Amino acid sequence: MTLAPGTDLQELRPRLIRLAYRILGSVADAEDVVQDAYCRWLAADPLSVREPAAFLHVIVTRLCLNQLKSARRRRETYIGPWLPEPIFEPEDADPADDITLPLMIALERLSPLERAAFLLHDVFGMDFPEVGQAIDRTPAACRQLASRARTHLRHERSRFAVSKEHGIRIAAAFFAASRNGDLSALRTMLAEDVIACADGGGKVPATPTPLIGIDAVLRRHAEMADDFVRCPSQLLRHAVVDGLPGFITVEAGSIVQVTALHIEGDRIIALYVMRNPDKLKRVPNVS
């Protein structure tokens with residue numbers, strides 16, 4: 001991975017943070033890993049680092065793989081469903097990086113090496129010899145790892161991606177119907193097999209297990225209807241959350257909440273609700 005003459009290596013930082021975030025699911029951890037990688041690059045013997053960009057990709061990937069071991073142990077004791085820390089349509093996003101929240105969640109089911117091989121090759125465009133250098137495997141082994149990952153993820157890529165404008169319109173309609181207790185309107189928006197997950201991390205109230213099916217999701221919204229009347233949600237803004245349309249609100253108890261909707265056609269097939277305050281420290285427009 002050779003840089004053009006005169007390229008500032010700091011320009012690589014957003015790309016490296018995106019890579020680390022896709023592996024770890026945490027912006028804070030991704031930034032720490034990238035900072036550590038740059039420190040190691042600055043401390044390295046310049047004569048031993050012929051391609052700094054490749055060196056940084058290797059170090060970031062290996063640091064992430066090391067972190068995944070402890071991260072997986074933490075998630076085994078995590079309270080309730082786990083969702084990745086949300087990110088909000090970054091201006092410097094790589095067009096090739098089309099990973100959405102459902103795919104991020106699906107990446108959790110891969111082995112660390114499968115995840116790294118898939119991301120480095122399929123998302124970040126590295127060839128298999130470069131991937132092999134990063135994860136310390138042969139190019140042939142990396143090709144196998146990426147292929148297995150694709151097989152596992154085949155059904156997670158959205159087949160009917162909606163435009164940003166259409167998605168935000170549905171998100172706005174969903175917000176209005178859910179807060180007004182309009183269950184009939186909600187029923188027209190939800191797929192029969194819709195899934196709803198809420199991540200409170202044990203820090204704030206959240207539904208402890210995923211809700212599966214339209215009846216379960218509508219029943220939960222019926223239970224919350226009176227709460228929304230007593231303490232109306234404050235809509236801060238609509239947003240694109242990890243590639244999905246959604247919105248940012250302040251709920252009862254001054255709890256900041258980020259909701260993302262996975263939409264296919266005109267139906268919502270999944271609801272992702274992030275309430276864990278530890279993961280919402282970087283939410284825009286929240287003082």
# chains A, B, ... in the order shown; residues from 1 in each chain; ligands from 1
>>> select_by_dssp(residues="segment 70-218 of chain A", states="strand (DSSP E or B)", output="VMD selection string")
chain A and resid 88 190 to 199 211 to 212
>>> write_last_selection(atoms="N, CA and C atoms", output="mmCIF file, in the first residue's frame")
data_model
loop_
_atom_site.group_PDB
_atom_site.id
_atom_site.type_symbol
_atom_site.label_atom_id
_atom_site.label_comp_id
_atom_site.auth_asym_id
_atom_site.auth_seq_id
_atom_site.Cartn_x
_atom_site.Cartn_y
_atom_site.Cartn_z
ATOM 1 N N PHE A 88 -22.546 8.594 12.941
ATOM 2 C CA PHE A 88 -23.541 9.401 12.250
ATOM 3 C C PHE A 88 -23.002 9.966 10.945
ATOM 4 N N LEU A 190 -44.629 -1.846 9.965
ATOM 5 C CA LEU A 190 -43.775 -2.922 10.444
ATOM 6 C C LEU A 190 -43.964 -4.203 9.638
ATOM 7 N N ALA A 191 -42.845 -4.877 9.386
ATOM 8 C CA ALA A 191 -42.903 -6.203 8.769
ATOM 9 C C ALA A 191 -43.427 -7.205 9.797
ATOM 10 N N GLU A 192 -44.036 -8.285 9.314
ATOM 11 C CA GLU A 192 -44.595 -9.290 10.226
ATOM 12 C C GLU A 192 -43.525 -9.887 11.135
ATOM 13 N N ASP A 193 -42.312 -10.052 10.600
ATOM 14 C CA ASP A 193 -41.239 -10.676 11.379
ATOM 15 C C ASP A 193 -40.247 -9.646 11.916
ATOM 16 N N VAL A 194 -40.714 -8.420 12.137
ATOM 17 C CA VAL A 194 -39.849 -7.360 12.635
ATOM 18 C C VAL A 194 -39.178 -7.774 13.950
ATOM 19 N N ILE A 195 -37.957 -7.289 14.145
ATOM 20 C CA ILE A 195 -37.202 -7.531 15.380
ATOM 21 C C ILE A 195 -36.863 -6.181 15.999
ATOM 22 N N ALA A 196 -36.970 -6.079 17.321
ATOM 23 C CA ALA A 196 -36.601 -4.849 18.029
ATOM 24 C C ALA A 196 -35.594 -5.175 19.120
ATOM 25 N N CYS A 197 -34.473 -4.462 19.121
ATOM 26 C CA CYS A 197 -33.426 -4.652 20.124
ATOM 27 C C CYS A 197 -33.146 -3.319 20.809
ATOM 28 N N ALA A 198 -33.014 -3.339 22.126
ATOM 29 C CA ALA A 198 -32.679 -2.132 22.878
ATOM 30 C C ALA A 198 -31.463 -2.408 23.751
ATOM 31 N N ASP A 199 -30.459 -1.553 23.647
ATOM 32 C CA ASP A 199 -29.206 -1.701 24.385
ATOM 33 C C ASP A 199 -29.141 -0.626 25.465
ATOM 34 N N LEU A 211 -37.294 -8.277 20.948
ATOM 35 C CA LEU A 211 -38.693 -8.568 20.654
ATOM 36 C C LEU A 211 -38.771 -9.080 19.219
ATOM 37 N N ILE A 212 -39.472 -10.180 19.013
ATOM 38 C CA ILE A 212 -39.524 -10.812 17.695
ATOM 39 C C ILE A 212 -40.976 -10.913 17.239
#
>>> closest_atom_pairs(of="segment 130-217 of chain A", to="segment 111-126 of chain A", cutoff="12 Å", atoms="only C-alpha atoms", output="CSV")
residue,atom,partner,partner_atom,distance
A:Glu130,CA,A:Met126,CA,6.0
A:Val131,CA,A:Leu120,CA,6.3
A:Gly132,CA,A:Ala117,CA,8.2
A:Gln133,CA,A:Met126,CA,10.6
A:Ala134,CA,A:Ala116,CA,8.8
A:Ile135,CA,A:Leu113,CA,7.2
A:Asp136,CA,A:Leu113,CA,9.7
A:Arg137,CA,A:Leu113,CA,9.3
A:Thr138,CA,A:Ala117,CA,11.2
A:Pro139,CA,A:Ala117,CA,10.0
A:Ala140,CA,A:Ala117,CA,11.2
A:Ala141,CA,A:Ala117,CA,9.4
A:Cys142,CA,A:Ala117,CA,5.9
A:Arg143,CA,A:Ala117,CA,7.8
A:Gln144,CA,A:Glu114,CA,8.7
A:Leu145,CA,A:Glu114,CA,4.9
A:Ala146,CA,A:Phe118,CA,4.5
A:Ser147,CA,A:Phe118,CA,7.8
A:Arg148,CA,A:Glu114,CA,7.1
A:Ala149,CA,A:Glu114,CA,5.6
A:Arg150,CA,A:Phe118,CA,7.3
A:Thr151,CA,A:Phe118,CA,10.7
A:His152,CA,A:Glu114,CA,9.9
A:Leu153,CA,A:Phe118,CA,10.0
>>> atom_distance(atom1="atom CA of Ala252 of chain A", atom2="atom CA of Met274 of chain A")
14.4 Å
>>> residues_around(residues="segment 225-237 of chain A", least_positions_apart="6", cutoff="8 Å", atoms="only C-alpha atoms", output="PyMOL selection string")
chain A and resi 178-181+247-252+285-286
>>> write_last_selection(atoms="all heavy atoms", output="PDB file, in the first residue's frame")
ATOM      1  N   SER A 178     -45.383   6.203  16.911  1.00  0.00           N
ATOM      2  CA  SER A 178     -45.000   5.533  18.155  1.00  0.00           C
ATOM      3  C   SER A 178     -45.229   6.436  19.359  1.00  0.00           C
ATOM      4  O   SER A 178     -45.648   5.974  20.428  1.00  0.00           O
ATOM      5  CB  SER A 178     -43.538   5.078  18.098  1.00  0.00           C
ATOM      6  OG  SER A 178     -42.659   6.188  17.942  1.00  0.00           O
ATOM      7  N   ARG A 179     -44.996   7.723  19.213  1.00  0.00           N
ATOM      8  CA  ARG A 179     -45.179   8.644  20.348  1.00  0.00           C
ATOM      9  C   ARG A 179     -46.633   9.036  20.538  1.00  0.00           C
ATOM     10  O   ARG A 179     -47.032   9.420  21.637  1.00  0.00           O
ATOM     11  CB  ARG A 179     -44.314   9.885  20.145  1.00  0.00           C
ATOM     12  CG  ARG A 179     -42.894   9.767  20.707  1.00  0.00           C
ATOM     13  CD  ARG A 179     -42.171   8.510  20.286  1.00  0.00           C
ATOM     14  NE  ARG A 179     -40.826   8.417  20.837  1.00  0.00           N
ATOM     15  CZ  ARG A 179     -39.992   7.442  20.561  1.00  0.00           C
ATOM     16  NH1 ARG A 179     -40.353   6.472  19.735  1.00  0.00           N
ATOM     17  NH2 ARG A 179     -38.794   7.420  21.093  1.00  0.00           N
ATOM     18  N   ASN A 180     -47.433   8.934  19.495  1.00  0.00           N
ATOM     19  CA  ASN A 180     -48.861   9.247  19.620  1.00  0.00           C
ATOM     20  C   ASN A 180     -49.696   8.024  19.983  1.00  0.00           C
ATOM     21  O   ASN A 180     -50.914   8.127  20.131  1.00  0.00           O
ATOM     22  CB  ASN A 180     -49.391   9.837  18.303  1.00  0.00           C
ATOM     23  CG  ASN A 180     -48.792  11.191  18.009  1.00  0.00           C
ATOM     24  OD1 ASN A 180     -48.419  11.919  18.927  1.00  0.00           O
ATOM     25  ND2 ASN A 180     -48.692  11.541  16.729  1.00  0.00           N
ATOM     26  N   GLY A 181     -49.056   6.868  20.086  1.00  0.00           N
ATOM     27  CA  GLY A 181     -49.781   5.648  20.409  1.00  0.00           C
ATOM     28  C   GLY A 181     -50.670   5.157  19.287  1.00  0.00           C
ATOM     29  O   GLY A 181     -51.655   4.447  19.533  1.00  0.00           O
ATOM     30  N   PHE A 247     -33.407   8.505  14.336  1.00  0.00           N
ATOM     31  CA  PHE A 247     -33.578   9.790  15.003  1.00  0.00           C
ATOM     32  C   PHE A 247     -32.938   9.750  16.388  1.00  0.00           C
ATOM     33  O   PHE A 247     -32.720   8.678  16.975  1.00  0.00           O
ATOM     34  CB  PHE A 247     -35.059  10.175  15.102  1.00  0.00           C
ATOM     35  CG  PHE A 247     -35.970   9.061  15.540  1.00  0.00           C
ATOM     36  CD1 PHE A 247     -36.158   8.776  16.884  1.00  0.00           C
ATOM     37  CD2 PHE A 247     -36.658   8.302  14.599  1.00  0.00           C
ATOM     38  CE1 PHE A 247     -37.002   7.763  17.288  1.00  0.00           C
ATOM     39  CE2 PHE A 247     -37.518   7.276  14.998  1.00  0.00           C
ATOM     40  CZ  PHE A 247     -37.689   7.006  16.342  1.00  0.00           C
ATOM     41  N   ILE A 248     -32.645  10.956  16.887  1.00  0.00           N
ATOM     42  CA  ILE A 248     -32.040  11.131  18.208  1.00  0.00           C
ATOM     43  C   ILE A 248     -33.067  11.842  19.080  1.00  0.00           C
ATOM     44  O   ILE A 248     -33.626  12.870  18.683  1.00  0.00           O
ATOM     45  CB  ILE A 248     -30.749  11.958  18.132  1.00  0.00           C
ATOM     46  CG1 ILE A 248     -29.757  11.323  17.149  1.00  0.00           C
ATOM     47  CG2 ILE A 248     -30.112  12.087  19.508  1.00  0.00           C
ATOM     48  CD1 ILE A 248     -28.599  12.230  16.782  1.00  0.00           C
ATOM     49  N   THR A 249     -33.329  11.281  20.273  1.00  0.00           N
ATOM     50  CA  THR A 249     -34.332  11.854  21.156  1.00  0.00           C
ATOM     51  C   THR A 249     -33.794  11.945  22.584  1.00  0.00           C
ATOM     52  O   THR A 249     -32.790  11.319  22.923  1.00  0.00           O
ATOM     53  CB  THR A 249     -35.609  10.995  21.176  1.00  0.00           C
ATOM     54  OG1 THR A 249     -35.268   9.643  21.536  1.00  0.00           O
ATOM     55  CG2 THR A 249     -36.288  10.996  19.818  1.00  0.00           C
ATOM     56  N   VAL A 250     -34.497  12.736  23.391  1.00  0.00           N
ATOM     57  CA  VAL A 250     -34.304  12.710  24.838  1.00  0.00           C
ATOM     58  C   VAL A 250     -35.594  12.171  25.428  1.00  0.00           C
ATOM     59  O   VAL A 250     -36.679  12.702  25.181  1.00  0.00           O
ATOM     60  CB  VAL A 250     -33.990  14.103  25.397  1.00  0.00           C
ATOM     61  CG1 VAL A 250     -33.836  14.025  26.917  1.00  0.00           C
ATOM     62  CG2 VAL A 250     -32.712  14.666  24.774  1.00  0.00           C
ATOM     63  N   GLU A 251     -35.460  11.096  26.198  1.00  0.00           N
ATOM     64  CA  GLU A 251     -36.633  10.413  26.748  1.00  0.00           C
ATOM     65  C   GLU A 251     -36.774  10.709  28.240  1.00  0.00           C
ATOM     66  O   GLU A 251     -35.995  11.465  28.817  1.00  0.00           O
ATOM     67  CB  GLU A 251     -36.508   8.909  26.500  1.00  0.00           C
ATOM     68  CG  GLU A 251     -36.313   8.516  25.039  1.00  0.00           C
ATOM     69  CD  GLU A 251     -37.515   8.822  24.150  1.00  0.00           C
ATOM     70  OE1 GLU A 251     -38.619   9.044  24.692  1.00  0.00           O
ATOM     71  OE2 GLU A 251     -37.364   8.838  22.917  1.00  0.00           O
ATOM     72  N   ALA A 252     -37.774  10.101  28.863  1.00  0.00           N
ATOM     73  CA  ALA A 252     -38.033  10.296  30.295  1.00  0.00           C
ATOM     74  C   ALA A 252     -36.759  10.063  31.101  1.00  0.00           C
ATOM     75  O   ALA A 252     -35.992   9.139  30.812  1.00  0.00           O
ATOM     76  CB  ALA A 252     -39.132   9.343  30.759  1.00  0.00           C
ATOM     77  N   ASN A 285     -25.366  17.247  18.625  1.00  0.00           N
ATOM     78  CA  ASN A 285     -26.481  18.113  19.035  1.00  0.00           C
ATOM     79  C   ASN A 285     -27.029  17.749  20.414  1.00  0.00           C
ATOM     80  O   ASN A 285     -28.202  17.976  20.699  1.00  0.00           O
ATOM     81  CB  ASN A 285     -27.633  18.082  18.017  1.00  0.00           C
ATOM     82  CG  ASN A 285     -27.209  18.582  16.663  1.00  0.00           C
ATOM     83  OD1 ASN A 285     -26.187  19.238  16.532  1.00  0.00           O
ATOM     84  ND2 ASN A 285     -27.994  18.275  15.640  1.00  0.00           N
ATOM     85  N   VAL A 286     -26.192  17.162  21.252  1.00  0.00           N
ATOM     86  CA  VAL A 286     -26.585  16.888  22.625  1.00  0.00           C
ATOM     87  C   VAL A 286     -25.600  17.586  23.534  1.00  0.00           C
ATOM     88  O   VAL A 286     -24.403  17.323  23.467  1.00  0.00           O
ATOM     89  CB  VAL A 286     -26.591  15.372  22.940  1.00  0.00           C
ATOM     90  CG1 VAL A 286     -26.905  15.138  24.405  1.00  0.00           C
ATOM     91  CG2 VAL A 286     -27.608  14.665  22.059  1.00  0.00           C
TER      92      VAL A 286
END
>>> select_by_dssp(residues="segment 167-236 of chain A", states="helix (DSSP H, G or I)", output="PyMOL selection string")
chain A and resi 167-180+183-189+214-230
>>> closest_residue(among="A:Gly265, A:Cys39, A:Gly25, A:Pro52", to="Lys279 of chain A", atoms="only C-alpha atoms")
A:Gly25
>>> residues_around(residues="segment 62-69 of chain A", least_positions_apart="3", cutoff="7 Å", atoms="only C-alpha atoms", output="list in words")
Ala20, Ile23, Leu24, Val33, Val58, Ile59, Arg72, Arg73, Pro112, Ala134 and Ile135 of chain A
>>> residues_around(residues="segment 75-79 of chain A", least_positions_apart="5", cutoff="10 Å", atoms="only C-alpha atoms", output="CSV table (one decimal) with all heavy atoms, in the first residue's frame")
chain,number,residue,atom,x,y,z
A,70,SER,N,-10.4,-9.5,24.8
A,70,SER,CA,-11.0,-9.0,26.0
A,70,SER,C,-12.4,-8.5,25.8
A,70,SER,O,-13.2,-8.6,26.6
A,70,SER,CB,-10.1,-7.9,26.6
A,70,SER,OG,-9.9,-6.9,25.6
A,199,ASP,N,-30.5,-1.6,23.6
A,199,ASP,CA,-29.2,-1.7,24.4
A,199,ASP,C,-29.1,-0.6,25.5
A,199,ASP,O,-28.9,0.5,25.2
A,199,ASP,CB,-28.0,-1.6,23.4
A,199,ASP,CG,-26.7,-1.7,24.1
A,199,ASP,OD1,-26.6,-1.6,25.3
A,199,ASP,OD2,-25.7,-1.9,23.4
A,200,GLY,N,-29.4,-1.1,26.7
A,200,GLY,CA,-29.2,-0.2,27.9
A,200,GLY,C,-27.9,-0.5,28.6
A,200,GLY,O,-27.5,0.3,29.5
A,201,GLY,N,-27.3,-1.6,28.4
A,201,GLY,CA,-26.1,-2.0,29.0
A,201,GLY,C,-26.2,-2.1,30.5
A,201,GLY,O,-25.1,-2.1,31.2
A,202,GLY,N,-27.4,-2.2,31.1
A,202,GLY,CA,-27.5,-2.3,32.5
A,202,GLY,C,-27.4,-0.9,33.2
A,202,GLY,O,-27.5,-0.8,34.4
A,203,LYS,N,-27.2,0.1,32.4
A,203,LYS,CA,-27.0,1.5,32.9
A,203,LYS,C,-28.3,2.2,33.0
A,203,LYS,O,-28.5,3.1,33.9
A,203,LYS,CB,-26.0,2.2,32.0
A,203,LYS,CG,-24.7,1.6,31.8
A,203,LYS,CD,-23.9,1.5,33.1
A,203,LYS,CE,-22.6,0.8,33.0
A,203,LYS,NZ,-21.6,1.6,32.2
A,206,ALA,N,-34.1,-0.7,29.8
A,206,ALA,CA,-34.2,-1.1,28.4
A,206,ALA,C,-34.8,-2.5,28.3
A,206,ALA,O,-34.6,-3.3,29.3
A,206,ALA,CB,-32.9,-1.1,27.7
A,208,PRO,N,-35.1,-6.2,28.1
A,208,PRO,CA,-33.9,-7.0,28.4
A,208,PRO,C,-33.6,-8.0,27.3
A,208,PRO,O,-32.5,-8.5,27.2
A,208,PRO,CB,-34.3,-7.7,29.7
A,208,PRO,CG,-35.8,-7.7,29.7
A,208,PRO,CD,-36.2,-6.5,29.1
A,209,THR,N,-34.6,-8.4,26.4
A,209,THR,CA,-34.3,-9.4,25.4
A,209,THR,C,-34.9,-8.8,24.1
A,209,THR,O,-35.9,-8.0,24.1
A,209,THR,CB,-35.0,-10.7,25.7
A,209,THR,OG1,-36.4,-10.6,25.9
A,209,THR,CG2,-34.3,-11.4,26.9
>>> atom_distance(atom1="atom CA of Val256 of chain A", atom2="atom CA of Asn276 of chain A")
8.6 Å
>>> closest_residue(among="A:Ile268, A:Leu110, A:Leu42, A:Ala28", to="Leu186 of chain A", atoms="only C-alpha atoms")
A:Ile268
>>> residues_around(residues="Asp266 of chain A", least_positions_apart="2", cutoff="12 Å", atoms="only C-alpha atoms", output="MDAnalysis selection string")
chainID A and resid 160:163 166:171 173:174 186:191 261:264 268:269
>>> atom_distance(atom1="atom CA of Trp41 of chain A", atom2="atom CA of Arg22 of chain A")
21.8 Å
>>> residues_around(residues="Leu101 of chain A", least_positions_apart="5", cutoff="8 Å", atoms="only C-alpha atoms", output="list of chain:residue names")
A:Pro84, A:Val241, A:Asp242, A:Gly243, A:Leu244
>>> closest_residue(among="A:Ala37, A:Arg219, A:Ala106, A:Ile99", to="Phe55 of chain A", atoms="only C-alpha atoms")
A:Ala37
>>> decode(residues="segment 124-136 of chain A", atoms="all heavy atoms", output="PDB file, in the first residue's frame")
ATOM      1  N   PHE A 124     -12.059  -2.521   2.516  1.00  0.00           N
ATOM      2  CA  PHE A 124     -10.990  -1.535   2.403  1.00  0.00           C
ATOM      3  C   PHE A 124     -10.048  -1.782   1.224  1.00  0.00           C
ATOM      4  O   PHE A 124      -9.079  -1.065   1.040  1.00  0.00           O
ATOM      5  CB  PHE A 124     -10.217  -1.444   3.721  1.00  0.00           C
ATOM      6  CG  PHE A 124     -11.042  -0.816   4.819  1.00  0.00           C
ATOM      7  CD1 PHE A 124     -11.833  -1.599   5.646  1.00  0.00           C
ATOM      8  CD2 PHE A 124     -11.069   0.555   4.997  1.00  0.00           C
ATOM      9  CE1 PHE A 124     -12.615  -1.032   6.635  1.00  0.00           C
ATOM     10  CE2 PHE A 124     -11.844   1.137   5.982  1.00  0.00           C
ATOM     11  CZ  PHE A 124     -12.624   0.342   6.809  1.00  0.00           C
ATOM     12  N   GLY A 125     -10.347  -2.790   0.422  1.00  0.00           N
ATOM     13  CA  GLY A 125      -9.682  -2.947  -0.859  1.00  0.00           C
ATOM     14  C   GLY A 125      -8.238  -3.399  -0.836  1.00  0.00           C
ATOM     15  O   GLY A 125      -7.516  -3.217  -1.816  1.00  0.00           O
ATOM     16  N   MET A 126      -7.791  -4.036   0.224  1.00  0.00           N
ATOM     17  CA  MET A 126      -6.422  -4.537   0.268  1.00  0.00           C
ATOM     18  C   MET A 126      -6.367  -5.890  -0.431  1.00  0.00           C
ATOM     19  O   MET A 126      -7.320  -6.676  -0.363  1.00  0.00           O
ATOM     20  CB  MET A 126      -5.949  -4.655   1.717  1.00  0.00           C
ATOM     21  CG  MET A 126      -5.850  -3.307   2.427  1.00  0.00           C
ATOM     22  SD  MET A 126      -5.509  -3.434   4.204  1.00  0.00           S
ATOM     23  CE  MET A 126      -3.881  -4.182   4.216  1.00  0.00           C
ATOM     24  N   ASP A 127      -5.248  -6.161  -1.116  1.00  0.00           N
ATOM     25  CA  ASP A 127      -5.145  -7.469  -1.760  1.00  0.00           C
ATOM     26  C   ASP A 127      -4.742  -8.516  -0.717  1.00  0.00           C
ATOM     27  O   ASP A 127      -4.334  -8.189   0.401  1.00  0.00           O
ATOM     28  CB  ASP A 127      -4.177  -7.430  -2.943  1.00  0.00           C
ATOM     29  CG  ASP A 127      -2.764  -7.030  -2.565  1.00  0.00           C
ATOM     30  OD1 ASP A 127      -2.342  -7.330  -1.425  1.00  0.00           O
ATOM     31  OD2 ASP A 127      -2.070  -6.411  -3.401  1.00  0.00           O
ATOM     32  N   PHE A 128      -4.873  -9.790  -1.098  1.00  0.00           N
ATOM     33  CA  PHE A 128      -4.692 -10.838  -0.098  1.00  0.00           C
ATOM     34  C   PHE A 128      -3.263 -10.933   0.451  1.00  0.00           C
ATOM     35  O   PHE A 128      -3.089 -11.251   1.639  1.00  0.00           O
ATOM     36  CB  PHE A 128      -5.176 -12.179  -0.633  1.00  0.00           C
ATOM     37  CG  PHE A 128      -6.679 -12.293  -0.633  1.00  0.00           C
ATOM     38  CD1 PHE A 128      -7.387 -12.471  -1.817  1.00  0.00           C
ATOM     39  CD2 PHE A 128      -7.393 -12.214   0.552  1.00  0.00           C
ATOM     40  CE1 PHE A 128      -8.775 -12.556  -1.819  1.00  0.00           C
ATOM     41  CE2 PHE A 128      -8.780 -12.303   0.564  1.00  0.00           C
ATOM     42  CZ  PHE A 128      -9.478 -12.470  -0.624  1.00  0.00           C
ATOM     43  N   PRO A 129      -2.207 -10.665  -0.336  1.00  0.00           N
ATOM     44  CA  PRO A 129      -0.887 -10.628   0.291  1.00  0.00           C
ATOM     45  C   PRO A 129      -0.784  -9.562   1.385  1.00  0.00           C
ATOM     46  O   PRO A 129      -0.177  -9.798   2.439  1.00  0.00           O
ATOM     47  CB  PRO A 129       0.040 -10.313  -0.896  1.00  0.00           C
ATOM     48  CG  PRO A 129      -0.669 -10.907  -2.072  1.00  0.00           C
ATOM     49  CD  PRO A 129      -2.121 -10.636  -1.809  1.00  0.00           C
ATOM     50  N   GLU A 130      -1.417  -8.381   1.168  1.00  0.00           N
ATOM     51  CA  GLU A 130      -1.420  -7.339   2.199  1.00  0.00           C
ATOM     52  C   GLU A 130      -2.243  -7.772   3.407  1.00  0.00           C
ATOM     53  O   GLU A 130      -1.835  -7.544   4.559  1.00  0.00           O
ATOM     54  CB  GLU A 130      -1.994  -6.042   1.638  1.00  0.00           C
ATOM     55  CG  GLU A 130      -1.122  -5.358   0.609  1.00  0.00           C
ATOM     56  CD  GLU A 130      -1.793  -4.120   0.028  1.00  0.00           C
ATOM     57  OE1 GLU A 130      -2.972  -4.220  -0.384  1.00  0.00           O
ATOM     58  OE2 GLU A 130      -1.150  -3.059  -0.002  1.00  0.00           O
ATOM     59  N   VAL A 131      -3.376  -8.409   3.158  1.00  0.00           N
ATOM     60  CA  VAL A 131      -4.204  -8.911   4.257  1.00  0.00           C
ATOM     61  C   VAL A 131      -3.418  -9.935   5.063  1.00  0.00           C
ATOM     62  O   VAL A 131      -3.430  -9.934   6.301  1.00  0.00           O
ATOM     63  CB  VAL A 131      -5.510  -9.532   3.724  1.00  0.00           C
ATOM     64  CG1 VAL A 131      -6.320 -10.139   4.874  1.00  0.00           C
ATOM     65  CG2 VAL A 131      -6.350  -8.490   2.993  1.00  0.00           C
ATOM     66  N   GLY A 132      -2.711 -10.818   4.350  1.00  0.00           N
ATOM     67  CA  GLY A 132      -1.922 -11.836   5.021  1.00  0.00           C
ATOM     68  C   GLY A 132      -0.858 -11.241   5.923  1.00  0.00           C
ATOM     69  O   GLY A 132      -0.614 -11.746   7.029  1.00  0.00           O
ATOM     70  N   GLN A 133      -0.231 -10.161   5.460  1.00  0.00           N
ATOM     71  CA  GLN A 133       0.768  -9.498   6.288  1.00  0.00           C
ATOM     72  C   GLN A 133       0.117  -8.920   7.545  1.00  0.00           C
ATOM     73  O   GLN A 133       0.693  -8.974   8.636  1.00  0.00           O
ATOM     74  CB  GLN A 133       1.448  -8.378   5.501  1.00  0.00           C
ATOM     75  CG  GLN A 133       2.571  -7.685   6.268  1.00  0.00           C
ATOM     76  CD  GLN A 133       3.177  -6.532   5.483  1.00  0.00           C
ATOM     77  OE1 GLN A 133       2.619  -6.088   4.490  1.00  0.00           O
ATOM     78  NE2 GLN A 133       4.322  -6.043   5.944  1.00  0.00           N
ATOM     79  N   ALA A 134      -1.087  -8.381   7.399  1.00  0.00           N
ATOM     80  CA  ALA A 134      -1.753  -7.738   8.525  1.00  0.00           C
ATOM     81  C   ALA A 134      -2.181  -8.734   9.592  1.00  0.00           C
ATOM     82  O   ALA A 134      -2.101  -8.454  10.793  1.00  0.00           O
ATOM     83  CB  ALA A 134      -2.958  -6.942   8.043  1.00  0.00           C
ATOM     84  N   ILE A 135      -2.660  -9.922   9.178  1.00  0.00           N
ATOM     85  CA  ILE A 135      -3.191 -10.873  10.168  1.00  0.00           C
ATOM     86  C   ILE A 135      -2.287 -12.092  10.341  1.00  0.00           C
ATOM     87  O   ILE A 135      -2.661 -13.051  11.019  1.00  0.00           O
ATOM     88  CB  ILE A 135      -4.622 -11.312   9.820  1.00  0.00           C
ATOM     89  CG1 ILE A 135      -4.661 -12.144   8.537  1.00  0.00           C
ATOM     90  CG2 ILE A 135      -5.546 -10.101   9.703  1.00  0.00           C
ATOM     91  CD1 ILE A 135      -6.059 -12.724   8.238  1.00  0.00           C
ATOM     92  N   ASP A 136      -1.115 -12.031   9.706  1.00  0.00           N
ATOM     93  CA  ASP A 136      -0.113 -13.085   9.876  1.00  0.00           C
ATOM     94  C   ASP A 136      -0.625 -14.444   9.418  1.00  0.00           C
ATOM     95  O   ASP A 136      -0.513 -15.452  10.112  1.00  0.00           O
ATOM     96  CB  ASP A 136       0.345 -13.159  11.338  1.00  0.00           C
ATOM     97  CG  ASP A 136       1.631 -13.958  11.498  1.00  0.00           C
ATOM     98  OD1 ASP A 136       2.400 -14.023  10.512  1.00  0.00           O
ATOM     99  OD2 ASP A 136       1.865 -14.489  12.593  1.00  0.00           O
TER     100      ASP A 136
END
